[in-house]
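S.K.: Contents of final-v8.cif (mmCIF, C-alpha atoms and all ligand atoms) are given next:
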data_run
#
loop_
_atom_site.label_atom_id
_atom_site.label_comp_id
_atom_site.auth_asym_id
_atom_site.auth_seq_id
_atom_site.Cartn_x
_atom_site.Cartn_y
_atom_site.Cartn_z
CA MET W 208 47.93 86.69 158.94
CA ALA W 209 47.51 86.64 162.69
CA GLU W 210 45.50 89.40 164.25
CA LYS W 211 47.38 91.99 166.26
CA CYS W 212 46.79 92.94 169.85
CA GLN W 213 44.33 95.80 169.69
CA ILE W 214 41.57 97.71 171.43
CA ILE W 215 38.26 96.05 170.68
CA LYS W 216 34.97 97.84 171.24
CA THR W 217 32.81 95.53 173.28
CA THR W 218 30.05 95.32 175.83
CA VAL W 219 30.11 92.51 178.35
CA ALA W 220 28.36 92.12 181.66
CA VAL W 221 31.48 92.52 183.76
CA GLY W 222 33.04 95.49 185.53
CA CYS W 223 36.18 97.34 184.44
CA GLU W 224 39.32 95.47 185.51
CA THR W 225 41.17 98.52 186.74
CA TYR W 226 41.75 98.49 190.49
CA ASN W 227 38.92 100.18 192.34
CA CYS W 228 37.03 101.00 189.13
CA HIS W 229 33.62 99.43 188.78
CA LYS W 230 32.38 101.10 185.66
CA LYS W 231 30.81 99.32 182.73
CA VAL W 232 33.23 97.74 180.28
CA SER W 233 33.40 99.43 176.89
CA TYR W 234 36.66 98.11 175.49
CA ALA W 235 38.72 94.97 175.55
CA ILE W 236 42.43 94.74 174.85
CA GLY W 237 43.65 91.59 173.19
CA ARG W 238 43.56 89.71 169.94
CA PRO W 239 40.14 89.45 168.31
CA ASP W 240 40.90 85.89 167.19
CA GLY W 241 42.05 84.87 170.67
CA PRO W 242 40.00 83.61 173.62
CA PRO W 243 37.93 86.49 175.04
CA GLN W 244 38.59 85.30 178.60
CA LEU W 245 42.22 86.38 178.06
CA TRP W 246 41.29 89.88 176.98
CA ARG W 247 41.72 92.73 179.41
CA TYR W 248 38.45 94.57 179.92
CA LEU W 249 38.35 98.29 180.56
CA CYS W 250 35.72 100.98 180.83
CA GLU W 251 35.82 103.96 178.49
CA ASP W 252 37.42 106.25 181.09
CA CYS W 253 40.26 103.85 181.87
CA THR W 254 40.93 103.26 178.17
CA ARG W 255 41.14 107.01 177.68
CA ASP W 256 43.43 107.38 180.71
CA MET W 257 45.69 104.67 179.40
CA LEU W 258 45.93 106.28 175.96
CA SER W 259 46.65 109.69 177.45
CA CYS W 260 49.78 108.46 179.19
CA ILE W 261 51.48 106.43 176.47
CA PRO W 262 55.24 106.37 177.17
CA GLU W 263 57.18 108.64 174.86
CA GLU W 264 58.96 105.78 173.08
CA LEU W 265 55.61 104.21 172.16
CA GLN W 266 54.03 107.30 170.71
CA PRO W 267 53.64 107.43 166.95
CA GLU W 268 56.25 109.50 165.13
CA PRO W 269 55.00 113.04 164.86
CA VAL W 270 54.62 114.02 161.24
CA LYS W 271 57.19 116.68 160.47
CA VAL W 272 55.72 119.65 158.74
CA TYR W 273 57.67 122.30 156.87
CA THR W 274 55.89 125.61 156.74
CA CYS W 275 56.58 128.41 154.31
CA ASP W 276 57.44 131.47 156.42
CA TYR W 277 55.87 133.76 153.85
CA CYS W 278 52.54 132.28 152.78
CA GLY W 279 52.00 129.67 155.48
CA GLU W 280 51.65 126.76 153.09
CA THR W 281 52.80 123.45 154.58
CA PHE W 282 54.84 120.63 153.05
CA ASP W 283 55.79 117.15 154.21
CA ALA W 284 59.40 117.36 153.01
CA SER W 285 62.06 120.07 153.23
CA ILE W 286 62.85 119.62 149.53
CA LYS W 287 59.24 120.47 148.63
CA LEU W 288 59.41 123.62 150.72
CA ALA W 289 62.69 124.56 149.04
CA THR W 290 61.10 124.10 145.62
CA HIS W 291 58.08 126.09 146.69
CA SER W 292 60.23 128.92 148.08
CA ARG W 293 61.55 129.63 144.62
CA THR W 294 58.08 130.28 143.26
CA CYS W 295 56.28 131.53 146.36
CA GLU W 296 54.52 134.80 145.47
CA ALA W 297 54.34 135.95 149.07
CA ARG W 298 58.09 135.44 149.41
CA LYS W 299 58.82 137.37 146.21
CA LYS W 300 56.82 140.30 147.55
CA ALA W 301 58.54 140.13 150.91
CA VAL W 302 62.07 140.12 149.51
CA THR W 303 61.48 142.85 146.90
CA LYS W 304 59.88 145.23 149.38
ZN ZN U 401 37.65 101.69 184.56
ZN ZN U 402 55.05 130.27 150.36
#
Rewrite the structure of this file - the entire thing - as structure tokens.
Ligand SMILES: [Zn+2]
Ligand SMILES: [Zn+2]
M.R.:
Amino acid sequence: MAEKCQIIKTTVAVGCETYNCHKKVSYAIGRPDGPPQLWRYLCEDCTRDMLSCIPEELQPEPVKVYTCDYCGETFDASIKLATHSRTCEARKKAVTK
């Protein structure tokens, strides 16, 4: 299976490729099995900057969490929360108060 484009931790004796940034390269972006001269080299700061402004459509799906309003327990599916609600001790106390 071909390698995917990824961020590769590296140290090479060249400067960061970002315009006007001359820091030491810490990461390369490219395919590990591809020619390193085609990788894009970035310093740690620029890699961080890039990751902090990922366009919305490229961000990983946020994991939806269902929280029990009574005891605070969390579930990864609404059906599990519904099942839990029936037996939740904190809920029983709250509704019989
Ligand atoms: Zn940089
Ligand atoms: Zn609960």
S.K.: Nearest residue to Ile215 of chain W out of W:Arg298, W:Arg247, W:Arg293, W:Lys271, using all atoms listed in the file?
M.R.: W:Arg247
S.K.: Of the residues W:Cys278, W:Leu258, W:Leu288, W:Ile214, which is the one nearest to ligand ZN 402 (chain U), using only C-alpha atoms and all ligand atoms?
M.R.: W:Cys278
S.K.: Can you tell me which residues sit at most 6 Å away from ligand ZN 401 (chain U), counting all atoms listed in the file, written as a list of chain:residue names?
M.R.: W:Cys223, W:Thr225, W:Cys228, W:Lys230, W:Leu249, W:Cys250, W:Asp252, W:Cys253
S.K.: Give the residues close to ligand ZN 402 (chain U), within 7 Å, counting only C-alpha atoms and all ligand atoms; write them as a ChimeraX atom specification.
M.R.: /W:275-280,291-292,295-298
S.K.: What does the distance from atom CA of Ser285 of chain W to atom CA of Tyr273 of chain W come to in Å, to one decimal?
M.R.: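 Result for atom CA of Ser285 of chain W versus atom CA of Tyr273 of chain W: 6.1 Å, one decimal.
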S.K.: For the point (29.2, 94.0, 183.0) in file coordinates, what residues are within 7 Å, counting all atoms listed in the file? Give the answer as number ranges by chain?
M.R.: W: 219-222, 231-232
S.K.: Find the residues with any atom within 8 Å of (35.6, 94.0, 174.3); use only C-alpha atoms and the coordinates as given in the file, and write the answer as a short mmCIF file (atom, residue, chain, number, x, y, z; two decimals) with C-alpha atoms, in the coordinates of the input.
M.R.:
data_model
loop_
_atom_site.label_atom_id
_atom_site.label_comp_id
_atom_site.auth_asym_id
_atom_site.auth_seq_id
_atom_site.Cartn_x
_atom_site.Cartn_y
_atom_site.Cartn_z
CA ILE W 214 41.57 97.71 171.43
CA ILE W 215 38.26 96.05 170.68
CA LYS W 216 34.97 97.84 171.24
CA THR W 217 32.81 95.53 173.28
CA THR W 218 30.05 95.32 175.83
CA VAL W 219 30.11 92.51 178.35
CA VAL W 232 33.23 97.74 180.28
CA SER W 233 33.40 99.43 176.89
CA TYR W 234 36.66 98.11 175.49
CA ALA W 235 38.72 94.97 175.55
CA ILE W 236 42.43 94.74 174.85
CA PRO W 243 37.93 86.49 175.04
CA TRP W 246 41.29 89.88 176.98
CA TYR W 248 38.45 94.57 179.92
#
S.K.: Report, in Å to a single decimal, how far apart atom CA of Ala289 of chain W and atom CA of Val272 of chain W are.
M.R.: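 Here the two named atoms are 12.9 Å from each other.
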S.K.: Enter the distance from atom CA of Asp240 of chain W to atom CA of Ala209 of chain W, in Å, rounded to one decimal.
M.R.: 8.0 Å
